[in-house]
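Data from structure-v1.cif: mmCIF, C-alpha atoms (C1' of nucleotides)
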```cif
data_coords
loop_
_atom_site.label_atom_id
_atom_site.label_comp_id
_atom_site.auth_asym_id
_atom_site.auth_seq_id
_atom_site.Cartn_x
_atom_site.Cartn_y
_atom_site.Cartn_z
CA MET A 1164 -16.28 -39.04 18.36
CA ALA A 1165 -15.33 -39.47 14.74
CA LEU A 1166 -14.19 -43.06 14.88
CA ARG A 1167 -17.87 -43.89 14.83
CA ASP A 1168 -18.29 -41.89 11.66
CA ALA A 1169 -15.11 -43.13 10.04
CA ILE A 1170 -16.50 -46.65 10.45
CA LEU A 1171 -19.93 -45.69 9.11
CA VAL A 1172 -18.29 -44.02 6.11
CA SER A 1173 -16.17 -47.10 5.48
CA LEU A 1174 -19.22 -49.34 5.64
CA GLY A 1175 -20.73 -47.11 2.98
CA ASP A 1176 -18.59 -49.02 0.50
CA GLY A 1177 -20.42 -52.20 1.44
CA PRO A 1178 -20.70 -54.66 4.34
CA MET A 1179 -17.45 -55.40 6.15
CA SER A 1180 -16.23 -57.39 9.11
CA GLY A 1181 -14.18 -55.91 11.93
CA TYR A 1182 -11.14 -57.51 10.40
CA ASP A 1183 -11.88 -55.93 7.02
CA LEU A 1184 -12.31 -52.56 8.68
CA ALA A 1185 -8.99 -52.86 10.48
CA LYS A 1186 -7.27 -53.50 7.16
CA HIS A 1187 -9.25 -50.68 5.56
CA PHE A 1188 -8.02 -48.33 8.27
CA ASP A 1189 -4.46 -49.49 7.69
CA GLU A 1190 -4.66 -48.96 3.97
CA THR A 1191 -7.29 -46.82 2.28
CA ILE A 1192 -8.63 -44.47 4.90
CA GLY A 1193 -5.44 -44.68 6.96
CA PHE A 1194 -4.07 -41.36 5.81
CA PHE A 1195 -7.02 -39.51 7.40
CA TRP A 1196 -7.83 -41.63 10.37
CA ARG A 1197 -6.26 -44.45 12.31
CA ALA A 1198 -7.68 -47.14 14.53
CA THR A 1199 -6.56 -50.45 15.96
CA HIS A 1200 -8.64 -53.58 15.75
CA SER A 1201 -9.51 -53.54 19.45
CA GLN A 1202 -10.86 -50.04 19.08
CA ILE A 1203 -12.86 -51.03 16.02
CA TYR A 1204 -14.47 -54.10 17.59
CA ARG A 1205 -15.47 -52.07 20.62
CA GLU A 1206 -16.95 -49.33 18.50
CA LEU A 1207 -18.83 -51.85 16.34
CA ALA A 1208 -20.45 -53.29 19.46
CA LYS A 1209 -21.58 -49.80 20.47
CA LEU A 1210 -22.86 -49.04 16.98
CA LYS A 1211 -24.89 -52.22 17.01
CA ASP A 1212 -26.33 -51.40 20.42
CA ARG A 1213 -27.47 -48.04 19.11
CA GLY A 1214 -28.93 -49.55 15.97
CA LEU A 1215 -26.65 -47.74 13.54
CA VAL A 1216 -25.41 -51.01 12.06
CA THR A 1217 -26.67 -54.56 11.78
CA SER A 1218 -24.57 -57.69 11.86
CA GLU A 1219 -24.77 -60.97 10.04
CA HIS A 1220 -22.81 -64.12 10.86
CA VAL A 1221 -21.07 -65.69 7.90
CA PRO A 1222 -19.81 -69.23 8.54
CA GLN A 1223 -16.45 -70.09 7.05
CA SER A 1224 -14.71 -73.40 6.79
CA GLY A 1225 -11.25 -73.59 8.20
CA ARG A 1226 -11.15 -70.06 9.51
CA PRO A 1227 -13.13 -68.40 12.28
CA ASN A 1228 -16.54 -67.19 11.19
CA ARG A 1229 -16.87 -63.62 10.08
CA ILE A 1230 -19.38 -61.07 11.30
CA LEU A 1231 -20.40 -58.73 8.51
CA TYR A 1232 -21.66 -55.30 9.50
CA SER A 1233 -23.93 -53.09 7.40
CA VAL A 1234 -25.13 -49.52 7.90
CA THR A 1235 -28.80 -49.07 8.74
CA ASP A 1236 -31.02 -46.15 7.74
CA LYS A 1237 -30.53 -44.83 11.24
CA GLY A 1238 -26.79 -45.06 10.69
CA ARG A 1239 -27.04 -43.13 7.44
CA GLU A 1240 -29.08 -40.46 9.17
CA ALA A 1241 -26.46 -40.21 11.92
CA LEU A 1242 -23.78 -39.75 9.26
CA LEU A 1243 -25.75 -37.00 7.57
CA GLU A 1244 -26.33 -35.28 10.89
CA TRP A 1245 -22.63 -35.57 11.69
CA SER A 1246 -21.73 -33.92 8.40
CA ARG A 1247 -23.66 -30.85 9.48
CA GLN A 1248 -21.70 -30.46 12.71
CA PRO A 1249 -18.58 -28.29 12.60
CA ALA A 1250 -15.53 -30.31 11.63
CA ALA A 1251 -12.91 -30.48 14.36
CA ALA A 1252 -9.68 -28.99 13.10
CA ASP A 1253 -6.97 -31.53 13.76
CA PRO A 1254 -4.17 -30.17 15.89
CA VAL A 1255 -0.74 -31.08 14.57
CA LYS A 1256 1.20 -33.14 17.09
CA ASP A 1257 4.73 -33.78 16.11
CA ASP A 1258 7.56 -35.10 18.21
CA PHE A 1259 10.07 -34.01 15.68
CA LEU A 1260 9.00 -30.37 15.65
CA VAL A 1261 9.17 -30.25 19.43
CA ARG A 1262 12.74 -31.48 19.16
CA LEU A 1263 13.50 -28.80 16.62
CA TYR A 1264 12.06 -26.22 18.96
CA GLY A 1265 14.52 -27.33 21.62
CA LEU A 1266 17.32 -27.91 19.15
CA GLU A 1267 19.99 -26.70 21.59
CA HIS A 1268 19.21 -29.52 23.98
CA MET A 1269 19.13 -32.33 21.43
CA ASP A 1270 21.58 -34.86 20.08
CA MET A 1271 22.28 -33.34 16.69
CA ASP A 1272 23.61 -36.52 15.05
CA ALA A 1273 20.52 -38.49 16.02
CA LEU A 1274 18.29 -35.67 14.87
CA LEU A 1275 19.88 -35.56 11.42
CA GLU A 1276 19.53 -39.30 11.11
CA HIS A 1277 15.83 -39.14 12.00
CA LEU A 1278 15.43 -36.32 9.53
CA ASN A 1279 16.86 -38.51 6.78
CA GLN A 1280 14.56 -41.37 7.70
CA ARG A 1281 11.62 -39.05 7.68
CA LEU A 1282 12.57 -37.68 4.25
CA GLU A 1283 12.62 -41.20 2.89
CA GLY A 1284 9.15 -41.97 4.23
CA HIS A 1285 7.70 -38.80 2.76
CA ARG A 1286 9.28 -39.51 -0.61
CA GLU A 1287 7.89 -43.02 -0.69
CA ARG A 1288 4.37 -41.93 0.12
CA LEU A 1289 4.64 -39.04 -2.32
CA ALA A 1290 5.58 -41.48 -5.10
CA LYS A 1291 2.74 -43.80 -4.13
CA PHE A 1292 0.13 -41.06 -4.00
CA SER A 1293 1.35 -39.56 -7.29
CA ARG A 1294 1.02 -42.92 -8.98
CA ILE A 1295 -2.54 -43.42 -7.76
CA ALA A 1296 -3.58 -39.84 -8.54
CA ALA A 1297 -2.19 -40.05 -12.08
CA GLU A 1298 -4.50 -42.95 -12.87
CA ALA A 1299 -7.61 -41.59 -11.19
CA ARG A 1300 -10.63 -40.80 -13.36
CA PRO A 1301 -13.43 -39.93 -10.96
CA ARG A 1302 -16.88 -40.91 -12.20
CA THR A 1303 -18.95 -40.52 -9.05
CA LEU A 1304 -19.17 -37.96 -6.29
CA GLY A 1305 -17.55 -40.42 -3.93
CA GLU A 1306 -14.62 -40.95 -6.24
CA LEU A 1307 -14.24 -37.20 -6.64
CA GLY A 1308 -14.10 -36.75 -2.88
CA ARG A 1309 -11.54 -39.50 -2.50
CA LEU A 1310 -9.41 -37.91 -5.20
CA ARG A 1311 -9.51 -34.59 -3.35
CA GLY A 1312 -8.37 -36.42 -0.22
CA LEU A 1313 -5.55 -38.00 -2.16
CA GLU A 1314 -4.61 -34.56 -3.48
CA ILE A 1315 -4.10 -33.07 -0.02
CA GLY A 1316 -2.12 -36.15 0.96
CA LEU A 1317 0.08 -35.60 -2.04
CA ARG A 1318 0.64 -31.94 -1.24
CA TYR A 1319 1.31 -32.80 2.36
CA GLU A 1320 4.01 -35.33 1.53
CA ARG A 1321 5.56 -33.11 -1.11
CA GLU A 1322 5.93 -30.16 1.22
CA TRP A 1323 7.27 -32.27 4.05
CA ALA A 1324 9.82 -33.89 1.75
CA GLN A 1325 11.00 -30.51 0.49
CA TRP A 1326 11.13 -29.15 4.00
CA CYS A 1327 13.22 -32.12 5.14
CA GLU A 1328 15.71 -31.43 2.35
CA GLU A 1329 15.92 -27.75 3.23
CA THR A 1330 16.26 -28.52 6.91
CA LEU A 1331 19.02 -31.05 6.31
CA GLN A 1332 20.82 -28.32 4.41
CA ALA A 1333 20.18 -25.72 7.11
CA LEU A 1334 21.44 -28.06 9.84
CA SER A 1335 24.47 -29.33 7.94
CA PRO A 1336 27.75 -29.04 9.86
CA GLU A 1337 28.96 -26.21 7.62
CA ASN A 1338 25.83 -24.21 8.18
CA ILE A 1339 25.55 -24.64 11.91
CA ALA A 1340 29.25 -23.97 12.48
CA ARG A 1341 28.65 -20.27 12.95
CA PHE A 1342 25.87 -20.93 15.45
CA ASP A 1343 28.13 -23.10 17.54
CA THR A 1344 29.68 -20.09 19.24
CA VAL A 1345 26.59 -20.00 21.41
CA VAL A 1346 26.90 -23.16 23.45
CA PRO A 1347 24.10 -23.65 25.93
CA LEU A 1348 25.12 -24.32 29.51
CA ASP A 1349 23.59 -27.74 29.62
CA ASN A 1350 25.35 -29.18 26.64
CA LYS A 1351 28.70 -29.85 28.24
CA LYS A 1352 28.05 -33.57 28.34
CA GLY A 1353 25.44 -33.65 25.64
CA ARG A 1354 27.37 -32.95 22.50
CA PRO A 1355 30.85 -34.40 22.73
CA LYS A 1356 31.37 -34.55 18.99
CA GLN A 1357 31.86 -31.56 16.72
CA MET B 999 4.83 -39.79 25.94
CA ALA B 1000 6.05 -36.56 24.43
CA LEU B 1001 4.07 -34.16 26.58
CA ARG B 1002 6.75 -34.75 29.15
CA ASP B 1003 9.39 -33.73 26.66
CA ALA B 1004 7.42 -30.81 25.27
CA ILE B 1005 7.32 -29.46 28.83
CA LEU B 1006 11.02 -30.07 29.40
CA VAL B 1007 11.83 -28.34 26.12
CA SER B 1008 9.64 -25.40 27.08
CA LEU B 1009 11.32 -25.13 30.46
CA GLY B 1010 14.61 -24.93 28.56
CA ASP B 1011 13.73 -21.28 27.91
CA GLY B 1012 13.77 -20.65 31.64
CA PRO B 1013 11.76 -21.47 34.78
CA MET B 1014 8.01 -21.37 34.31
CA SER B 1015 4.86 -22.02 36.29
CA GLY B 1016 2.11 -24.37 35.15
CA TYR B 1017 0.10 -21.35 34.19
CA ASP B 1018 2.96 -19.99 32.07
CA LEU B 1019 3.34 -23.35 30.39
CA ALA B 1020 -0.34 -23.50 29.53
CA LYS B 1021 -0.05 -20.12 27.84
CA HIS B 1022 3.15 -21.19 26.15
CA PHE B 1023 1.37 -24.22 24.74
CA ASP B 1024 -1.44 -22.03 23.51
CA GLU B 1025 0.88 -19.62 21.78
CA THR B 1026 4.44 -20.47 20.88
CA ILE B 1027 4.68 -24.25 20.84
CA GLY B 1028 1.01 -24.66 20.06
CA PHE B 1029 1.46 -25.45 16.40
CA PHE B 1030 3.45 -28.60 17.22
CA TRP B 1031 1.88 -29.78 20.39
CA ARG B 1032 -1.20 -29.03 22.42
CA ALA B 1033 -2.02 -29.49 26.07
CA THR B 1034 -4.60 -28.20 28.50
CA HIS B 1035 -3.68 -26.80 31.87
CA SER B 1036 -5.03 -29.82 33.74
CA GLN B 1037 -2.80 -32.08 31.71
CA ILE B 1038 0.20 -29.85 32.35
CA TYR B 1039 -0.26 -29.66 36.13
CA ARG B 1040 -0.57 -33.42 36.32
CA GLU B 1041 2.51 -33.97 34.19
CA LEU B 1042 4.51 -31.47 36.25
CA ALA B 1043 3.68 -33.41 39.39
CA LYS B 1044 4.98 -36.59 37.76
CA LEU B 1045 8.12 -34.86 36.51
CA LYS B 1046 8.84 -33.62 40.00
CA ASP B 1047 8.35 -37.10 41.45
CA ARG B 1048 10.91 -38.45 39.03
CA GLY B 1049 13.34 -35.66 39.76
CA LEU B 1050 13.36 -34.24 36.23
CA VAL B 1051 12.27 -30.82 37.47
CA THR B 1052 12.45 -28.90 40.73
CA SER B 1053 9.85 -26.47 42.00
CA GLU B 1054 10.08 -23.22 43.90
CA HIS B 1055 7.20 -21.41 45.55
CA VAL B 1056 7.02 -17.73 44.71
CA PRO B 1057 4.70 -15.75 46.96
CA GLN B 1058 2.63 -13.07 45.30
CA SER B 1059 0.49 -10.37 46.79
CA GLY B 1060 -3.08 -10.23 45.67
CA ARG B 1061 -2.89 -13.29 43.43
CA PRO B 1062 -2.37 -16.94 44.24
CA ASN B 1063 1.26 -17.92 44.70
CA ARG B 1064 3.11 -19.29 41.74
CA ILE B 1065 5.13 -22.49 41.60
CA LEU B 1066 8.11 -22.08 39.31
CA TYR B 1067 9.52 -25.23 37.76
CA SER B 1068 13.08 -25.65 36.49
CA VAL B 1069 14.74 -28.50 34.62
CA THR B 1070 17.31 -30.51 36.56
CA ASP B 1071 20.43 -32.15 35.15
CA LYS B 1072 18.49 -35.40 35.21
CA GLY B 1073 15.77 -33.71 33.18
CA ARG B 1074 18.28 -32.49 30.63
CA GLU B 1075 19.69 -35.98 30.36
CA ALA B 1076 16.22 -37.38 29.82
CA LEU B 1077 15.66 -34.87 27.03
CA LEU B 1078 18.91 -35.82 25.36
CA GLU B 1079 18.06 -39.49 25.65
CA TRP B 1080 14.61 -38.81 24.20
CA SER B 1081 16.15 -37.04 21.21
CA ARG B 1082 17.98 -40.26 20.37
CA GLN B 1083 14.78 -42.32 20.28
CA PRO B 1084 13.00 -42.61 16.94
CA ALA B 1085 10.54 -39.76 16.46
CA ALA B 1086 6.93 -40.91 16.32
CA ALA B 1087 5.47 -39.96 12.96
CA ASP B 1088 2.28 -38.11 13.68
CA PRO B 1089 -0.75 -39.73 12.11
CA VAL B 1090 -3.03 -37.22 10.43
CA LYS B 1091 -6.51 -37.34 11.92
CA ASP B 1092 -8.97 -35.25 10.10
CA ASP B 1093 -12.72 -35.25 10.39
CA PHE B 1094 -13.04 -33.29 7.24
CA LEU B 1095 -11.12 -35.73 5.07
CA VAL B 1096 -13.22 -38.59 6.38
CA ARG B 1097 -16.28 -36.66 5.26
CA LEU B 1098 -14.75 -36.12 1.88
CA TYR B 1099 -14.09 -39.83 1.61
CA GLY B 1100 -17.78 -40.46 2.16
CA LEU B 1101 -18.86 -37.46 0.12
CA GLU B 1102 -21.91 -39.26 -1.27
CA HIS B 1103 -23.39 -39.59 2.19
CA MET B 1104 -22.80 -36.02 3.34
CA ASP B 1105 -24.76 -32.80 3.41
CA MET B 1106 -23.07 -30.93 0.57
CA ASP B 1107 -24.15 -27.45 1.60
CA ALA B 1108 -22.82 -27.89 5.10
CA LEU B 1109 -19.60 -29.34 3.74
CA LEU B 1110 -19.00 -26.37 1.47
CA GLU B 1111 -19.64 -24.01 4.34
CA HIS B 1112 -17.15 -25.83 6.53
CA LEU B 1113 -14.67 -25.77 3.68
CA ASN B 1114 -14.97 -21.98 3.48
CA GLN B 1115 -14.47 -21.64 7.22
CA ARG B 1116 -11.45 -23.82 7.04
CA LEU B 1117 -9.98 -21.81 4.18
CA GLU B 1118 -10.30 -18.67 6.24
CA GLY B 1119 -8.48 -20.19 9.19
CA HIS B 1120 -5.62 -21.41 7.02
CA ARG B 1121 -5.29 -18.01 5.39
CA GLU B 1122 -5.15 -16.26 8.73
CA ARG B 1123 -2.47 -18.53 10.11
CA LEU B 1124 -0.54 -18.33 6.84
CA ALA B 1125 -0.50 -14.54 7.08
CA LYS B 1126 0.58 -14.69 10.72
CA PHE B 1127 3.38 -17.18 10.10
CA SER B 1128 4.59 -15.25 7.04
CA ARG B 1129 4.80 -12.09 9.08
CA ILE B 1130 6.82 -13.73 11.83
CA ALA B 1131 9.09 -15.57 9.40
CA ALA B 1132 9.83 -12.40 7.44
CA GLU B 1133 11.26 -10.74 10.52
CA ALA B 1134 13.22 -13.71 11.82
CA ARG B 1135 17.00 -13.42 12.01
CA PRO B 1136 18.18 -16.57 13.77
CA ARG B 1137 21.32 -16.03 15.87
CA THR B 1138 21.40 -19.23 17.91
CA LEU B 1139 20.85 -22.90 17.19
CA GLY B 1140 17.59 -22.73 19.09
CA GLU B 1141 16.34 -19.83 17.01
CA LEU B 1142 17.33 -21.65 13.84
CA GLY B 1143 15.34 -24.70 14.90
CA ARG B 1144 12.31 -22.60 15.75
CA LEU B 1145 12.52 -20.91 12.37
CA ARG B 1146 12.55 -24.30 10.65
CA GLY B 1147 9.45 -25.20 12.64
CA LEU B 1148 7.80 -22.01 11.57
CA GLU B 1149 8.73 -22.80 7.96
CA ILE B 1150 6.90 -26.14 7.93
CA GLY B 1151 3.93 -24.47 9.57
CA LEU B 1152 3.93 -21.91 6.80
CA ARG B 1153 4.12 -24.52 4.08
CA TYR B 1154 1.39 -26.53 5.77
CA GLU B 1155 -1.03 -23.62 5.91
CA ARG B 1156 -0.21 -22.50 2.38
CA GLU B 1157 -0.91 -25.92 0.87
CA TRP B 1158 -4.09 -26.39 2.87
CA ALA B 1159 -5.35 -22.98 1.82
CA GLN B 1160 -4.65 -23.70 -1.84
CA TRP B 1161 -6.22 -27.11 -1.55
CA CYS B 1162 -9.35 -25.60 -0.01
CA GLU B 1163 -9.64 -23.21 -2.93
CA GLU B 1164 -9.21 -25.99 -5.46
CA THR B 1165 -11.67 -28.19 -3.64
CA LEU B 1166 -14.27 -25.44 -3.44
CA GLN B 1167 -13.89 -25.13 -7.19
CA ALA B 1168 -14.09 -28.89 -7.74
CA LEU B 1169 -17.21 -29.19 -5.60
CA SER B 1170 -18.98 -26.13 -7.02
CA PRO B 1171 -22.52 -26.78 -8.25
CA GLU B 1172 -21.45 -26.42 -11.89
CA ASN B 1173 -18.69 -28.96 -11.51
CA ILE B 1174 -20.59 -31.58 -9.58
CA ALA B 1175 -23.62 -31.33 -11.86
CA ARG B 1176 -22.35 -34.09 -14.11
CA PHE B 1177 -21.69 -36.33 -11.13
CA ASP B 1178 -25.22 -35.88 -9.87
CA THR B 1179 -26.52 -38.57 -12.19
CA VAL B 1180 -25.29 -41.04 -9.62
CA VAL B 1181 -27.55 -40.30 -6.70
CA PRO B 1182 -26.94 -42.53 -3.71
CA LEU B 1183 -29.99 -44.25 -2.25
CA ASP B 1184 -29.71 -42.57 1.09
CA ASN B 1185 -29.70 -39.01 -0.13
CA LYS B 1186 -33.41 -38.63 -0.79
CA LYS B 1187 -33.92 -36.62 2.38
CA GLY B 1188 -30.36 -35.46 2.78
CA ARG B 1189 -29.96 -33.04 -0.08
CA PRO B 1190 -33.21 -31.28 -0.77
CA LYS B 1191 -31.69 -28.21 -2.38
CA GLN B 1192 -30.06 -28.11 -5.78
"C1'" DT C 683 -23.27 -4.19 44.15
"C1'" DG C 684 -22.92 -7.82 41.32
"C1'" DA C 685 -21.11 -10.02 37.21
"C1'" DC C 686 -17.25 -11.07 34.99
"C1'" DC C 687 -12.32 -11.45 33.85
"C1'" DA C 688 -7.32 -12.58 34.64
"C1'" DT C 689 -4.37 -14.86 37.58
"C1'" DA C 690 -3.13 -19.39 39.71
"C1'" DT C 691 -3.37 -24.42 41.01
"C1'" DG C 692 -5.61 -28.27 41.27
"C1'" DT C 693 -9.38 -32.72 41.35
"C1'" DG C 694 -12.87 -35.91 39.40
"C1'" DC C 695 -14.71 -38.30 35.82
"C1'" DA C 696 -15.70 -40.06 31.32
"C1'" DA C 697 -14.23 -40.84 26.74
"C1'" DA C 698 -10.73 -42.09 23.68
"C1'" DG C 699 -6.87 -44.63 22.44
"C1'" DT C 700 -2.87 -48.23 22.98
"C1'" DG C 701 -0.88 -52.60 23.86
"C1'" DT C 702 -1.06 -57.18 25.14
"C1'" DC C 703 -3.10 -61.41 25.93
"C1'" DA C 704 -6.52 -65.22 24.75
"C1'" DT C 705 -8.69 -68.20 21.46
"C1'" DA C 706 -9.41 -70.80 17.15
"C1'" DT C 707 -7.79 -72.96 12.63
"C1'" DG C 708 -5.49 -74.20 8.34
"C1'" DA C 709 -1.45 -73.67 5.50
"C1'" DA C 710 3.25 -72.98 4.59
"C1'" DA C 711 8.00 -72.72 5.97
"C1'" DC C 712 11.96 -74.62 8.40
"C1'" DG D 107 7.09 -81.89 14.07
"C1'" DT D 108 7.18 -77.26 15.44
"C1'" DT D 109 7.14 -72.61 14.61
"C1'" DT D 110 5.27 -68.96 12.23
"C1'" DC D 111 1.86 -66.59 9.41
"C1'" DA D 112 -2.78 -65.07 7.99
"C1'" DT D 113 -7.39 -65.09 9.23
"C1'" DA D 114 -10.83 -63.67 12.73
"C1'" DT D 115 -12.97 -61.90 17.20
"C1'" DG D 116 -12.73 -60.28 21.62
"C1'" DA D 117 -11.32 -59.10 26.75
"C1'" DC D 118 -8.58 -56.44 29.80
"C1'" DA D 119 -5.49 -53.17 31.77
"C1'" DC D 120 -3.54 -49.05 31.21
"C1'" DT D 121 -2.53 -44.34 29.75
"C1'" DT D 122 -3.82 -40.12 27.68
"C1'" DT D 123 -6.88 -36.44 26.92
"C1'" DG D 124 -10.51 -33.20 27.60
"C1'" DC D 125 -14.20 -31.15 30.04
"C1'" DA D 126 -16.23 -29.47 33.92
"C1'" DC D 127 -15.85 -28.16 38.48
"C1'" DA D 128 -13.52 -26.24 42.92
"C1'" DT D 129 -10.96 -22.60 45.20
"C1'" DA D 130 -8.77 -18.17 45.97
"C1'" DT D 131 -8.19 -12.96 45.04
"C1'" DG D 132 -8.08 -8.47 43.14
"C1'" DG D 133 -9.48 -5.43 39.36
"C1'" DT D 134 -12.78 -3.68 35.85
"C1'" DC D 135 -17.12 -2.53 34.03
"C1'" DA D 136 -22.09 -1.74 33.96
#
```
Would you mind giving the structure from this file in structure tokens?
Amino acid sequence: MALRDAILVSLGDGPMSGYDLAKHFDETIGFFWRATHSQIYRELAKLKDRGLVTSEHVPQSGRPNRILYSVTDKGREALLEWSRQPAAADPVKDDFLVRLYGLEHMDMDALLEHLNQRLEGHRERLAKFSRIAAEARPRTLGELGRLRGLEIGLRYEREWAQWCEETLQALSPENIARFDTVVPLDNKKGRPKQ
Amino acid sequence: MALRDAILVSLGDGPMSGYDLAKHFDETIGFFWRATHSQIYRELAKLKDRGLVTSEHVPQSGRPNRILYSVTDKGREALLEWSRQPAAADPVKDDFLVRLYGLEHMDMDALLEHLNQRLEGHRERLAKFSRIAAEARPRTLGELGRLRGLEIGLRYEREWAQWCEETLQALSPENIARFDTVVPLDNKKGRPKQ
DNA sequence: TGACCATATGTGCAAAGTGTCATATGAAAC
DNA sequence: GTTTCATATGACACTTTGCACATATGGTCA
């Protein structure tokens, strides 16, 4: 139940509406935790019921009114209590690695293409994170923590990018040629090319 | 919907029972994908309904009978088709990084303790993966793919371990002393020590 | 003898998460 | 003029996931 806490942490930066939070989850905190707007609105309703946040209606002209949420003392206490609980280690769940595990049964051309796409994504995020990290000058504890988060994101993207390059090399036609002597039974239809 | 495919890939190694698969998910494929036995049994039932696997009852003496599942041609086709679909990038979801983001609102002592625990886990898995990788001599495409999977696991654990060390350093009492001038309002009860 | 463990397959239920639709409005693009 | 976009909140259906429980049996250990 960490969506609750991800929201409370986000509201620590100041009052936000559900819409703001959804954007915040897409951008800032998005590397660590994801949530859709429907999930967020539902969770906000629960948080309000339990008294962890308060809401305030802000009329707007032209656009729909906003509902600004703020953390209460009870909410801050809940956060503190949460931080004492053991942190759930996030299990990696990766489609692509499952495919690699069953490499013999896959469409190799498609796999290489996906690998290239993936490499590109990792490179882009690596460049973005590097740029932000280079300019960071943490002055508060909060900023220090966020910089450490950025740092693991950076390492993560860097390693994945390098791994993609290595894997593209390892799975290049020249390199897999010698493995092709072992053709699995079920690939008679599956791999017409090469 | 990749649990389906993770099961089909696992069954590519040969017929297995639900119980076998659950163990397989705990051990071999566990770094990429996780599933509990209840999830697996339910998914197997669905797969059988759709004709992607067949089942065979194997009587045993003493223990409950096993039900061995095998992939059908239709199942192999489904796998191949799946491998052509874009691979879903796995969103990182990490309690601990959310806490770091809201570092000002957390219990620092507890956080440092969790960080140490985490470091230990990463080190253990790093050692384990290194050991396995050192002995690997891939002879088939499948083995090559599994080695590549192991390689990213290794890199992942290595970077996390290093990051934990760096972060422990960065959040050591000496280093955060100068940040302590900015004491958040809500920490009056939260951080009695230090 | 009784508790517990490993094997083996399942069900029930609640929580968590995803995707789509509904509603409302002004501004900009075509 | 009509579509589309950005803002803004919410309902609803659906799937996925995880936990606890149910059932069955033989072996091990205290």
**Message:** Once the PyMOL selection byres ((chain D) within 8 of (chain A)) has been evaluated on this model, what residues remain selected, and can you format them as a ChimeraX atom specification?
**Reply:** /D:113-116
**Request:** Take atom CA of Leu1266 of chain A and atom CA of Leu1145 of chain B and report the distance between them in Å, one decimal.
**Result:**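 Between atom CA of Leu1266 of chain A and atom CA of Leu1145 of chain B the gap is 10.9 Å.
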**Message:** List the spatial neighbours of Ala1241 of chain A as a ChimeraX atom specification - criterion: any atom at most 9 Å away, all atoms listed in the file, same-chain residues fewer than 6 positions off excluded.
**Reply:** /A:1168,1171,1215
Rows by chain and residue number, chain C within 12 Å of segment 123-129 of chain D, shortest pair, only C-alpha atoms (C1' of nucleotides), as a tab-separated table:
```
residue	atom	partner	partner_atom	distance
C:DA690	C1'	D:DT129	C1'	10.1
C:DT691	C1'	D:DT129	C1'	8.9
C:DG692	C1'	D:DA128	C1'	8.3
C:DT693	C1'	D:DA128	C1'	7.8
C:DG694	C1'	D:DC127	C1'	8.4
C:DC695	C1'	D:DA126	C1'	9.2
C:DA696	C1'	D:DC125	C1'	9.1
C:DA697	C1'	D:DG124	C1'	8.5
C:DA698	C1'	D:DT123	C1'	7.6
C:DG699	C1'	D:DT123	C1'	9.3
```
Evaluate the PyMOL selection byres ((chain C) within 12 of (chain A)) and record the selected residues as an mmCIF file with C-alpha atoms (C1' of nucleotides), in the frame of the given file, following the chain and residue labels used in the document.
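Ended up saving to expr-v7.cif:
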```cif
data_model
loop_
_atom_site.group_PDB
_atom_site.id
_atom_site.type_symbol
_atom_site.label_atom_id
_atom_site.label_comp_id
_atom_site.auth_asym_id
_atom_site.auth_seq_id
_atom_site.Cartn_x
_atom_site.Cartn_y
_atom_site.Cartn_z
ATOM 1 C "C1'" DA C 697 -14.230 -40.840 26.740
ATOM 2 C "C1'" DA C 698 -10.730 -42.090 23.680
ATOM 3 C "C1'" DG C 699 -6.870 -44.630 22.440
ATOM 4 C "C1'" DT C 700 -2.870 -48.230 22.980
ATOM 5 C "C1'" DG C 701 -0.880 -52.600 23.860
ATOM 6 C "C1'" DT C 702 -1.060 -57.180 25.140
ATOM 7 C "C1'" DT C 705 -8.690 -68.200 21.460
ATOM 8 C "C1'" DA C 706 -9.410 -70.800 17.150
ATOM 9 C "C1'" DT C 707 -7.790 -72.960 12.630
ATOM 10 C "C1'" DG C 708 -5.490 -74.200 8.340
ATOM 11 C "C1'" DA C 709 -1.450 -73.670 5.500
#
```
**Message:** Selection in question (the file shown): the PyMOL selection byres ((chain B) within 7 of (chain A)). Which residues does it include, as a VMD selection string?
**Reply:** chain B and resid 1000 1004 1007 1029 to 1031 1078 1081 to 1082 1084 to 1088 1090 to 1105 1108 to 1109 1112 1137 to 1140 1143 to 1144 1146 to 1147 1150 1153 1157 1161 1165 1177 1180 1184 1188
Let me know the centre plus edge lengths, in Å and rounded to one decimal, of a box with edges along x, y and z that contains all listed atoms of segment 1060-1064 of chain B and is padded by 8 Å on every side, as lines of an AutoDock Vina configuration file.
```
center_x = 0.0
center_y = -14.8
center_z = 43.7
size_x = 22.2
size_y = 25.1
size_z = 19.9
```
**Request:** Please measure the separation of atom CA of Glu1118 of chain B and atom CA of Ser1170 of chain B, giving the value in Å to one decimal.
**Result:**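 Atom CA of Glu1118 of chain B sits 17.5 Å away from atom CA of Ser1170 of chain B.
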